[in-house]
>>> print(open('model.pdb').read())   # PDB, C-alpha atoms, pLDDT in the B column
ATOM      1  CA  PHE A  14      83.245  99.171 137.409  1.00 66.00           C
ATOM      2  CA  TRP A  15      79.882 100.869 137.595  1.00 71.00           C
ATOM      3  CA  GLN A  16      79.881 102.792 134.337  1.00 78.00           C
ATOM      4  CA  PRO A  17      76.659 102.109 132.439  1.00 83.00           C
ATOM      5  CA  THR A  18      76.666 100.990 128.830  1.00 86.00           C
ATOM      6  CA  LEU A  19      74.391 102.960 126.531  1.00 90.00           C
ATOM      7  CA  SER A  20      73.600 101.781 123.018  1.00 93.00           C
ATOM      8  CA  LEU A  21      71.378 103.210 120.316  1.00 94.00           C
ATOM      9  CA  ARG A  22      70.131 101.158 117.392  1.00 94.00           C
ATOM     10  CA  ALA A  23      68.174 102.295 114.365  1.00 94.00           C
ATOM     11  CA  ASP A  24      66.866 100.202 111.480  1.00 93.00           C
ATOM     12  CA  ARG A  25      64.810 101.028 108.430  1.00 91.00           C
ATOM     13  CA  THR A  26      63.377  98.516 105.973  1.00 89.00           C
ATOM     14  CA  GLU A  27      61.509  99.426 102.823  1.00 84.00           C
ATOM     15  CA  ILE A  28      59.992  97.157 100.176  1.00 76.00           C
ATOM     16  CA  PHE A  29      60.087  98.786  96.773  1.00 71.00           C
ATOM     17  CA  ASP A  30      58.271  96.210  94.694  1.00 67.00           C
ATOM     18  CA  ARG A  31      55.975  93.233  95.341  1.00 62.00           C
ATOM     19  CA  ASP A  32      55.620  91.182  92.232  1.00 62.00           C
ATOM     20  CA  GLY A  33      55.206  87.491  91.883  1.00 60.00           C
ATOM     21  CA  ALA A  34      53.664  85.111  94.380  1.00 55.00           C
ATOM     22  CA  GLN A  35      52.414  87.748  96.808  1.00 60.00           C
ATOM     23  CA  GLY A  36      50.411  89.594  94.200  1.00 59.00           C
ATOM     24  CA  PRO A  37      50.059  93.323  93.614  1.00 59.00           C
ATOM     25  CA  PRO A  38      50.540  95.789  96.473  1.00 57.00           C
ATOM     26  CA  LEU A  39      47.440  96.325  98.553  1.00 61.00           C
ATOM     27  CA  PRO A  40      46.196  99.861  98.944  1.00 63.00           C
ATOM     28  CA  GLY A  41      46.778 101.397 102.356  1.00 62.00           C
ATOM     29  CA  ILE A  42      49.647  99.075 103.338  1.00 65.00           C
ATOM     30  CA  ASP A  43      52.892 100.872 104.171  1.00 68.00           C
ATOM     31  CA  ASP A  44      55.965  99.002 102.907  1.00 74.00           C
ATOM     32  CA  THR A  45      58.311 101.006 105.126  1.00 81.00           C
ATOM     33  CA  GLU A  46      59.250  99.831 108.599  1.00 86.00           C
ATOM     34  CA  THR A  47      61.412 101.891 110.983  1.00 89.00           C
ATOM     35  CA  THR A  48      62.722 100.700 114.322  1.00 92.00           C
ATOM     36  CA  ILE A  49      64.614 102.740 116.905  1.00 94.00           C
ATOM     37  CA  GLY A  50      65.898 101.224 120.113  1.00 94.00           C
ATOM     38  CA  ILE A  51      67.817 102.538 123.123  1.00 93.00           C
ATOM     39  CA  GLN A  52      69.390 100.224 125.642  1.00 91.00           C
ATOM     40  CA  LEU A  53      70.938 101.202 128.955  1.00 89.00           C
ATOM     41  CA  ALA A  54      72.779  98.537 130.927  1.00 86.00           C
ATOM     42  CA  LEU A  55      74.026  99.056 134.460  1.00 82.00           C
ATOM     43  CA  PRO A  56      76.446  96.338 135.643  1.00 77.00           C
ATOM     44  CA  LEU A  57      75.214  95.715 139.169  1.00 76.00           C
ATOM     45  CA  PHE A  58      76.609  92.219 139.517  1.00 74.00           C
ATOM     46  CA  THR A  59      79.133  90.639 137.135  1.00 69.00           C
ATOM     47  CA  SER A  60      80.384  87.874 139.460  1.00 75.00           C
ATOM     48  CA  GLY A  61      83.944  89.295 139.591  1.00 78.00           C
ATOM     49  CA  THR A  62      84.419  89.409 135.829  1.00 81.00           C
ATOM     50  CA  ARG A  63      85.462  93.042 135.777  1.00 78.00           C
ATOM     51  CA  SER A  64      87.916  92.566 138.642  1.00 83.00           C
ATOM     52  CA  ALA A  65      89.410  89.581 136.859  1.00 88.00           C
ATOM     53  CA  GLN A  66      89.654  91.552 133.614  1.00 87.00           C
ATOM     54  CA  LYS A  67      91.404  94.400 135.436  1.00 90.00           C
ATOM     55  CA  VAL A  68      93.909  92.021 137.054  1.00 93.00           C
ATOM     56  CA  GLN A  69      94.485  90.264 133.722  1.00 95.00           C
ATOM     57  CA  ALA A  70      95.070  93.576 131.950  1.00 95.00           C
ATOM     58  CA  SER A  71      97.525  94.646 134.671  1.00 95.00           C
ATOM     59  CA  GLU A  72      99.432  91.379 134.371  1.00 96.00           C
ATOM     60  CA  GLU A  73      99.514  91.648 130.586  1.00 97.00           C
ATOM     61  CA  LEU A  74     100.857  95.199 130.913  1.00 97.00           C
ATOM     62  CA  ILE A  75     103.602  94.009 133.279  1.00 97.00           C
ATOM     63  CA  GLY A  76     104.433  91.183 130.863  1.00 96.00           C
ATOM     64  CA  LEU A  77     104.664  93.602 127.939  1.00 97.00           C
ATOM     65  CA  GLN A  78     106.883  95.933 129.972  1.00 97.00           C
ATOM     66  CA  LEU A  79     109.195  93.009 130.774  1.00 97.00           C
ATOM     67  CA  GLN A  80     109.270  92.003 127.112  1.00 97.00           C
ATOM     68  CA  TYR A  81     110.136  95.572 126.146  1.00 96.00           C
ATOM     69  CA  GLN A  82     112.930  95.671 128.709  1.00 96.00           C
ATOM     70  CA  ALA A  83     114.269  92.301 127.529  1.00 96.00           C
ATOM     71  CA  VAL A  84     114.280  93.445 123.902  1.00 95.00           C
ATOM     72  CA  ALA A  85     116.029  96.690 124.872  1.00 92.00           C
ATOM     73  CA  GLU A  86     118.669  94.691 126.765  1.00 94.00           C
ATOM     74  CA  ARG A  87     119.188  92.349 123.795  1.00 93.00           C
ATOM     75  CA  VAL A  88     119.609  95.305 121.451  1.00 91.00           C
ATOM     76  CA  GLU A  89     122.093  96.913 123.838  1.00 90.00           C
ATOM     77  CA  GLN A  90     123.978  93.623 124.186  1.00 93.00           C
ATOM     78  CA  ARG A  91     124.098  93.239 120.406  1.00 91.00           C
ATOM     79  CA  ILE A  92     125.444  96.779 120.011  1.00 90.00           C
ATOM     80  CA  ARG A  93     128.057  96.280 122.732  1.00 90.00           C
ATOM     81  CA  SER A  94     129.186  92.954 121.274  1.00 92.00           C
ATOM     82  CA  ALA A  95     129.444  94.468 117.822  1.00 91.00           C
ATOM     83  CA  LEU A  96     131.443  97.397 119.226  1.00 89.00           C
ATOM     84  CA  PHE A  97     133.919  95.063 120.912  1.00 91.00           C
ATOM     85  CA  ARG A  98     134.275  92.984 117.743  1.00 92.00           C
ATOM     86  CA  THR A  99     134.832  96.202 115.772  1.00 91.00           C
ATOM     87  CA  ARG A 100     137.548  97.287 118.180  1.00 90.00           C
ATOM     88  CA  SER A 101     139.179  93.879 117.859  1.00 91.00           C
ATOM     89  CA  ALA A 102     138.980  94.056 114.071  1.00 92.00           C
ATOM     90  CA  ARG A 103     140.512  97.543 114.095  1.00 90.00           C
ATOM     91  CA  THR A 104     143.408  96.284 116.206  1.00 91.00           C
ATOM     92  CA  ALA A 105     143.756  93.306 113.861  1.00 92.00           C
ATOM     93  CA  ILE A 106     144.337  95.708 110.954  1.00 92.00           C
ATOM     94  CA  ARG A 107     147.352  97.211 112.682  1.00 92.00           C
ATOM     95  CA  LEU A 108     148.720  93.834 113.754  1.00 94.00           C
ATOM     96  CA  SER A 109     148.233  92.233 110.343  1.00 95.00           C
ATOM     97  CA  ARG A 110     149.953  95.182 108.653  1.00 94.00           C
ATOM     98  CA  GLU A 111     152.878  94.809 111.042  1.00 95.00           C
ATOM     99  CA  ALA A 112     152.970  91.077 110.288  1.00 95.00           C
ATOM    100  CA  ALA A 113     152.927  91.785 106.529  1.00 95.00           C
ATOM    101  CA  SER A 114     155.764  94.271 106.937  1.00 95.00           C
ATOM    102  CA  ALA A 115     157.758  91.729 108.930  1.00 96.00           C
ATOM    103  CA  ALA A 116     157.058  89.051 106.312  1.00 96.00           C
ATOM    104  CA  ARG A 117     158.261  91.380 103.527  1.00 95.00           C
ATOM    105  CA  SER A 118     161.428  92.130 105.505  1.00 95.00           C
ATOM    106  CA  ASN A 119     161.958  88.417 106.047  1.00 95.00           C
ATOM    107  CA  LEU A 120     161.469  87.797 102.326  1.00 95.00           C
ATOM    108  CA  ASP A 121     164.099  90.433 101.514  1.00 95.00           C
ATOM    109  CA  VAL A 122     166.562  88.798 103.930  1.00 95.00           C
ATOM    110  CA  VAL A 123     165.886  85.295 102.576  1.00 95.00           C
ATOM    111  CA  ARG A 124     166.081  86.546  98.977  1.00 94.00           C
ATOM    112  CA  ASP A 125     169.487  88.114  99.748  1.00 94.00           C
ATOM    113  CA  ALA A 126     170.658  84.932 101.457  1.00 94.00           C
ATOM    114  CA  TYR A 127     169.444  82.865  98.502  1.00 93.00           C
ATOM    115  CA  SER A 128     171.340  85.071  96.066  1.00 93.00           C
ATOM    116  CA  ARG A 129     174.492  84.388  98.116  1.00 91.00           C
ATOM    117  CA  GLY A 130     173.710  80.675  98.117  1.00 90.00           C
ATOM    118  CA  THR A 131     173.291  80.251 101.896  1.00 92.00           C
ATOM    119  CA  VAL A 132     169.630  79.110 101.840  1.00 92.00           C
ATOM    120  CA  SER A 133     167.776  76.712  99.596  1.00 93.00           C
ATOM    121  CA  ILE A 134     165.019  77.434  97.109  1.00 92.00           C
ATOM    122  CA  LEU A 135     162.523  75.909  99.540  1.00 94.00           C
ATOM    123  CA  ASP A 136     163.397  78.535 102.130  1.00 93.00           C
ATOM    124  CA  LEU A 137     162.866  81.257  99.526  1.00 93.00           C
ATOM    125  CA  LEU A 138     159.509  79.759  98.502  1.00 95.00           C
ATOM    126  CA  ASP A 139     158.460  79.501 102.145  1.00 95.00           C
ATOM    127  CA  ALA A 140     159.351  83.169 102.701  1.00 95.00           C
ATOM    128  CA  GLN A 141     157.427  84.195  99.547  1.00 95.00           C
ATOM    129  CA  ASN A 142     154.436  82.141 100.655  1.00 96.00           C
ATOM    130  CA  ALA A 143     154.549  83.669 104.167  1.00 95.00           C
ATOM    131  CA  ALA A 144     154.740  87.190 102.702  1.00 96.00           C
ATOM    132  CA  LEU A 145     151.803  86.519 100.378  1.00 96.00           C
ATOM    133  CA  ILE A 146     149.697  85.073 103.188  1.00 96.00           C
ATOM    134  CA  ALA A 147     150.542  88.042 105.438  1.00 96.00           C
ATOM    135  CA  GLU A 148     149.511  90.483 102.702  1.00 95.00           C
ATOM    136  CA  LEU A 149     146.228  88.607 102.207  1.00 95.00           C
ATOM    137  CA  ARG A 150     145.553  88.644 105.955  1.00 95.00           C
ATOM    138  CA  ALA A 151     146.211  92.396 106.048  1.00 94.00           C
ATOM    139  CA  ALA A 152     143.691  92.928 103.237  1.00 93.00           C
ATOM    140  CA  THR A 153     141.191  90.577 104.881  1.00 94.00           C
ATOM    141  CA  SER A 154     141.509  92.390 108.201  1.00 94.00           C
ATOM    142  CA  VAL A 155     140.316  95.619 106.548  1.00 92.00           C
ATOM    143  CA  TYR A 156     137.339  93.753 105.094  1.00 93.00           C
ATOM    144  CA  ASP A 157     136.605  92.230 108.523  1.00 93.00           C
ATOM    145  CA  PHE A 158     136.723  95.666 110.135  1.00 92.00           C
ATOM    146  CA  VAL A 159     134.273  97.145 107.621  1.00 89.00           C
ATOM    147  CA  SER A 160     132.009  94.129 108.060  1.00 91.00           C
ATOM    148  CA  GLU A 161     132.030  94.505 111.855  1.00 90.00           C
ATOM    149  CA  LEU A 162     131.481  98.250 111.543  1.00 86.00           C
ATOM    150  CA  MET A 163     128.401  97.589 109.401  1.00 87.00           C
ATOM    151  CA  GLU A 164     127.170  95.161 112.067  1.00 89.00           C
ATOM    152  CA  VAL A 165     127.475  97.947 114.664  1.00 87.00           C
ATOM    153  CA  GLU A 166     125.475 100.210 112.430  1.00 85.00           C
ATOM    154  CA  ARG A 167     122.832  97.544 111.819  1.00 87.00           C
ATOM    155  CA  ALA A 168     122.572  96.869 115.552  1.00 88.00           C
ATOM    156  CA  ALA A 169     122.259 100.587 116.334  1.00 83.00           C
ATOM    157  CA  ALA A 170     119.895 101.153 113.373  1.00 80.00           C
ATOM    158  CA  ARG A 171     122.131 103.977 112.156  1.00 77.00           C
ATOM    159  CA  PHE A 172     124.170 103.901 108.978  1.00 76.00           C
ATOM    160  CA  ASP A 173     126.961 106.388 109.552  1.00 70.00           C
ATOM    161  CA  PHE A 174     129.250 104.627 107.095  1.00 64.00           C
ATOM    162  CA  PHE A 175     128.125 106.974 104.354  1.00 74.00           C
ATOM    163  CA  LEU A 176     128.900 110.133 106.344  1.00 78.00           C
ATOM    164  CA  THR A 177     131.657 112.561 105.518  1.00 84.00           C
ATOM    165  CA  PRO A 178     135.189 111.697 106.680  1.00 86.00           C
ATOM    166  CA  GLN A 179     134.985 114.351 109.418  1.00 89.00           C
ATOM    167  CA  ASP A 180     131.723 112.894 110.761  1.00 85.00           C
ATOM    168  CA  GLN A 181     133.275 109.421 110.688  1.00 81.00           C
ATOM    169  CA  ALA A 182     136.308 110.699 112.597  1.00 86.00           C
ATOM    170  CA  ASP A 183     133.967 112.214 115.188  1.00 88.00           C
ATOM    171  CA  TRP A 184     132.203 108.849 115.503  1.00 80.00           C
ATOM    172  CA  PHE A 185     135.511 107.082 116.130  1.00 82.00           C
ATOM    173  CA  THR A 186     136.377 109.723 118.716  1.00 88.00           C
ATOM    174  CA  ARG A 187     133.102 109.019 120.526  1.00 87.00           C
ATOM    175  CA  LEU A 188     133.768 105.277 120.241  1.00 81.00           C
ATOM    176  CA  GLU A 189     137.220 105.654 121.778  1.00 84.00           C
ATOM    177  CA  ALA A 190     135.742 107.862 124.524  1.00 88.00           C
ATOM    178  CA  TYR A 191     133.231 105.096 125.271  1.00 84.00           C
ATOM    179  CA  PHE A 192     136.000 102.501 125.528  1.00 81.00           C
ATOM    180  CA  THR A 193     138.023 104.811 127.777  1.00 84.00           C
ATOM    181  CA  GLU A 194     134.980 105.426 129.970  1.00 86.00           C
ATOM    182  CA  GLN A 195     134.510 101.675 130.287  1.00 80.00           C
ATOM    183  CA  GLY A 196     138.153 101.269 131.347  1.00 81.00           C
ATOM    184  CA  ILE A 197     139.198  99.514 128.153  1.00 76.00           C
ATOM    185  CA  PRO A 198     142.606 100.584 126.799  1.00 75.00           C
ATOM    186  CA  VAL A 199     142.458 102.134 123.338  1.00 70.00           C
ATOM    187  CA  SER A 200     145.321 101.538 120.945  1.00 66.00           C
ATOM    188  CA  LYS A 201     146.175 104.391 118.597  1.00 61.00           C
ATOM    189  CA  GLN A 202     147.017 103.553 115.009  1.00 52.00           C
TER     190      GLN A 202
END
>>> encode(input="model.pdb", output="structure tokens")
Amino acid sequence: FWQPTLSLRADRTEIFDRDGAQGPPLPGIDDTETTIGIQLALPLFTSGTRSAQKVQASEELIGLQLQYQAVAERVEQRIRSALFRTRSARTAIRLSREAASAARSNLDVVRDAYSRGTVSILDLLDAQNAALIAELRAATSVYDFVSELMEVERAAARFDFFLTPQDQADWFTRLEAYFTEQGIPVSKQ
């Protein structure tokens, strides 16, 4: 609050040529001007300005700390949400593959029944359609998983997708350990 302000100012002006309206240079006149100034200011009374500036700076610092904490919480929430969606997508792969397998088995049964004449062509077409849709869902579930995995990596600002298979396996092990630590059951594929 009481720290003085010291400033030093130097200025030099020189006129090189005087032609025109002012006439030729006069002998004995120096066209160089040099100024040096020192100023020392001691803030004896600032009517509370410095106290107000200190309080304002403290409040701004607290506000910035709260903003930082809020951003950190949003990033953490985004990562956690992406992790849960990734886990769901990984489970969906297994379930959609099981559904595709069941649809293929159903198609085989209906195809056999059709060849014996016990079901109509519509039943066979329905079974073929269900098997095709189940296969497409199984393929889409893999795409969804990779998409969600990339979202986790974007949220965490780490792109481990391009790591070696062993490093990826280690990442999944850590992910499953996290889910176990959080009390979330982990399904093995």
>>> residues_around(input="model.pdb", residues="A:Arg167", least_positions_apart="4", cutoff="12 Å", atoms="all atoms listed in the file", output="ChimeraX atom specification")
/A:88,91-92,95-96,160-163,171-174
>>> atom_distance(input="model.pdb", atom1="atom CA of A:Ala169", atom2="atom CA of A:Thr153")
24.3 Å
>>> resolve_selection(input="model.pdb", expression="the PyMOL selection byres ((chain A and resi 140) around 10)", output="PyMOL selection string")
chain A and resi 116-124+134-139+141-146
>>> atom_distance(input="model.pdb", atom1="atom CA of A:Thr193", atom2="atom CA of A:Phe175")
25.5 Å
>>> atom_distance(input="model.pdb", atom1="atom CA of A:Leu53", atom2="atom CA of A:Leu19")
4.6 Å
>>> resolve_selection(input="model.pdb", expression="the PyMOL selection byres ((chain A and resi 109) around 8)", output="list in words")
Ala105, Ile106, Arg107, Leu108, Arg110, Glu111, Ala112, Ala113, Ala147, Glu148, Arg150, Ala151 and Ser154 of chain A
>>> build_atoms(input="model.pdb", residues="stretch 137-172 of chain A", atoms="N, CA and C atoms", output="mmCIF file, in the coordinates of the input")
data_model
loop_
_atom_site.group_PDB
_atom_site.id
_atom_site.type_symbol
_atom_site.label_atom_id
_atom_site.label_comp_id
_atom_site.auth_asym_id
_atom_site.auth_seq_id
_atom_site.Cartn_x
_atom_site.Cartn_y
_atom_site.Cartn_z
ATOM 1 N N LEU A 137 163.330 80.084 100.257
ATOM 2 C CA LEU A 137 162.866 81.257 99.526
ATOM 3 C C LEU A 137 161.367 81.136 99.224
ATOM 4 N N LEU A 138 160.934 79.960 98.790
ATOM 5 C CA LEU A 138 159.509 79.759 98.502
ATOM 6 C C LEU A 138 158.665 79.884 99.767
ATOM 7 N N ASP A 139 159.172 79.363 100.873
ATOM 8 C CA ASP A 139 158.460 79.501 102.145
ATOM 9 C C ASP A 139 158.323 80.978 102.538
ATOM 10 N N ALA A 140 159.386 81.744 102.367
ATOM 11 C CA ALA A 140 159.351 83.169 102.701
ATOM 12 C C ALA A 140 158.377 83.912 101.780
ATOM 13 N N GLN A 141 158.369 83.573 100.479
ATOM 14 C CA GLN A 141 157.427 84.195 99.547
ATOM 15 C C GLN A 141 155.985 83.845 99.924
ATOM 16 N N ASN A 142 155.774 82.591 100.260
ATOM 17 C CA ASN A 142 154.436 82.141 100.655
ATOM 18 C C ASN A 142 153.987 82.865 101.931
ATOM 19 N N ALA A 143 154.895 82.986 102.913
ATOM 20 C CA ALA A 143 154.549 83.669 104.167
ATOM 21 C C ALA A 143 154.237 85.144 103.904
ATOM 22 N N ALA A 144 154.997 85.783 103.019
ATOM 23 C CA ALA A 144 154.740 87.190 102.702
ATOM 24 C C ALA A 144 153.395 87.354 102.005
ATOM 25 N N LEU A 145 153.084 86.450 101.081
ATOM 26 C CA LEU A 145 151.803 86.519 100.378
ATOM 27 C C LEU A 145 150.639 86.316 101.345
ATOM 28 N N ILE A 146 150.762 85.341 102.209
ATOM 29 C CA ILE A 146 149.697 85.073 103.188
ATOM 30 C C ILE A 146 149.526 86.268 104.124
ATOM 31 N N ALA A 147 150.626 86.874 104.553
ATOM 32 C CA ALA A 147 150.542 88.042 105.438
ATOM 33 C C ALA A 147 149.868 89.207 104.733
ATOM 34 N N GLU A 148 150.164 89.409 103.456
ATOM 35 C CA GLU A 148 149.511 90.483 102.702
ATOM 36 C C GLU A 148 148.006 90.213 102.571
ATOM 37 N N LEU A 149 147.653 88.960 102.319
ATOM 38 C CA LEU A 149 146.228 88.607 102.207
ATOM 39 C C LEU A 149 145.509 88.813 103.541
ATOM 40 N N ARG A 150 146.167 88.441 104.632
ATOM 41 C CA ARG A 150 145.553 88.644 105.955
ATOM 42 C C ARG A 150 145.385 90.131 106.248
ATOM 43 N N ALA A 151 146.342 90.952 105.835
ATOM 44 C CA ALA A 151 146.211 92.396 106.048
ATOM 45 C C ALA A 151 145.010 92.935 105.271
ATOM 46 N N ALA A 152 144.840 92.485 104.035
ATOM 47 C CA ALA A 152 143.691 92.928 103.237
ATOM 48 C C ALA A 152 142.387 92.407 103.828
ATOM 49 N N THR A 153 142.391 91.173 104.287
ATOM 50 C CA THR A 153 141.191 90.577 104.881
ATOM 51 C C THR A 153 140.817 91.273 106.183
ATOM 52 N N SER A 154 141.811 91.719 106.934
ATOM 53 C CA SER A 154 141.509 92.390 108.201
ATOM 54 C C SER A 154 140.761 93.705 107.958
ATOM 55 N N VAL A 155 141.057 94.395 106.876
ATOM 56 C CA VAL A 155 140.316 95.619 106.548
ATOM 57 C C VAL A 155 138.871 95.260 106.210
ATOM 58 N N TYR A 156 138.693 94.219 105.424
ATOM 59 C CA TYR A 156 137.339 93.753 105.094
ATOM 60 C C TYR A 156 136.585 93.371 106.369
ATOM 61 N N ASP A 157 137.250 92.637 107.272
ATOM 62 C CA ASP A 157 136.605 92.230 108.523
ATOM 63 C C ASP A 157 136.187 93.440 109.353
ATOM 64 N N PHE A 158 137.052 94.458 109.384
ATOM 65 C CA PHE A 158 136.723 95.666 110.135
ATOM 66 C C PHE A 158 135.481 96.343 109.550
ATOM 67 N N VAL A 159 135.432 96.496 108.245
ATOM 68 C CA VAL A 159 134.273 97.145 107.621
ATOM 69 C C VAL A 159 133.015 96.315 107.864
ATOM 70 N N SER A 160 133.151 95.006 107.798
ATOM 71 C CA SER A 160 132.009 94.129 108.060
ATOM 72 C C SER A 160 131.506 94.291 109.495
ATOM 73 N N GLU A 161 132.421 94.329 110.453
ATOM 74 C CA GLU A 161 132.030 94.505 111.855
ATOM 75 C C GLU A 161 131.450 95.899 112.095
ATOM 76 N N LEU A 162 132.007 96.895 111.424
ATOM 77 C CA LEU A 162 131.481 98.250 111.543
ATOM 78 C C LEU A 162 130.039 98.310 111.024
ATOM 79 N N MET A 163 129.770 97.629 109.927
ATOM 80 C CA MET A 163 128.401 97.589 109.401
ATOM 81 C C MET A 163 127.470 96.858 110.372
ATOM 82 N N GLU A 164 127.986 95.858 111.067
ATOM 83 C CA GLU A 164 127.170 95.161 112.067
ATOM 84 C C GLU A 164 126.824 96.102 113.220
ATOM 85 N N VAL A 165 127.773 96.948 113.630
ATOM 86 C CA VAL A 165 127.475 97.947 114.664
ATOM 87 C C VAL A 165 126.364 98.863 114.180
ATOM 88 N N GLU A 166 126.479 99.298 112.953
ATOM 89 C CA GLU A 166 125.475 100.210 112.430
ATOM 90 C C GLU A 166 124.118 99.534 112.274
ATOM 91 N N ARG A 167 124.103 98.275 111.891
ATOM 92 C CA ARG A 167 122.832 97.544 111.819
ATOM 93 C C ARG A 167 122.234 97.399 113.214
ATOM 94 N N ALA A 168 123.068 97.063 114.187
ATOM 95 C CA ALA A 168 122.572 96.869 115.552
ATOM 96 C C ALA A 168 122.033 98.169 116.135
ATOM 97 N N ALA A 169 122.687 99.286 115.812
ATOM 98 C CA ALA A 169 122.259 100.587 116.334
ATOM 99 C C ALA A 169 121.197 101.241 115.452
ATOM 100 N N ALA A 170 120.881 100.618 114.322
ATOM 101 C CA ALA A 170 119.895 101.153 113.373
ATOM 102 C C ALA A 170 120.287 102.541 112.883
ATOM 103 N N ARG A 171 121.589 102.729 112.706
ATOM 104 C CA ARG A 171 122.131 103.977 112.156
ATOM 105 C C ARG A 171 123.211 103.609 111.167
ATOM 106 N N PHE A 172 123.176 104.206 109.997
ATOM 107 C CA PHE A 172 124.170 103.901 108.978
ATOM 108 C C PHE A 172 125.039 105.129 108.748
#
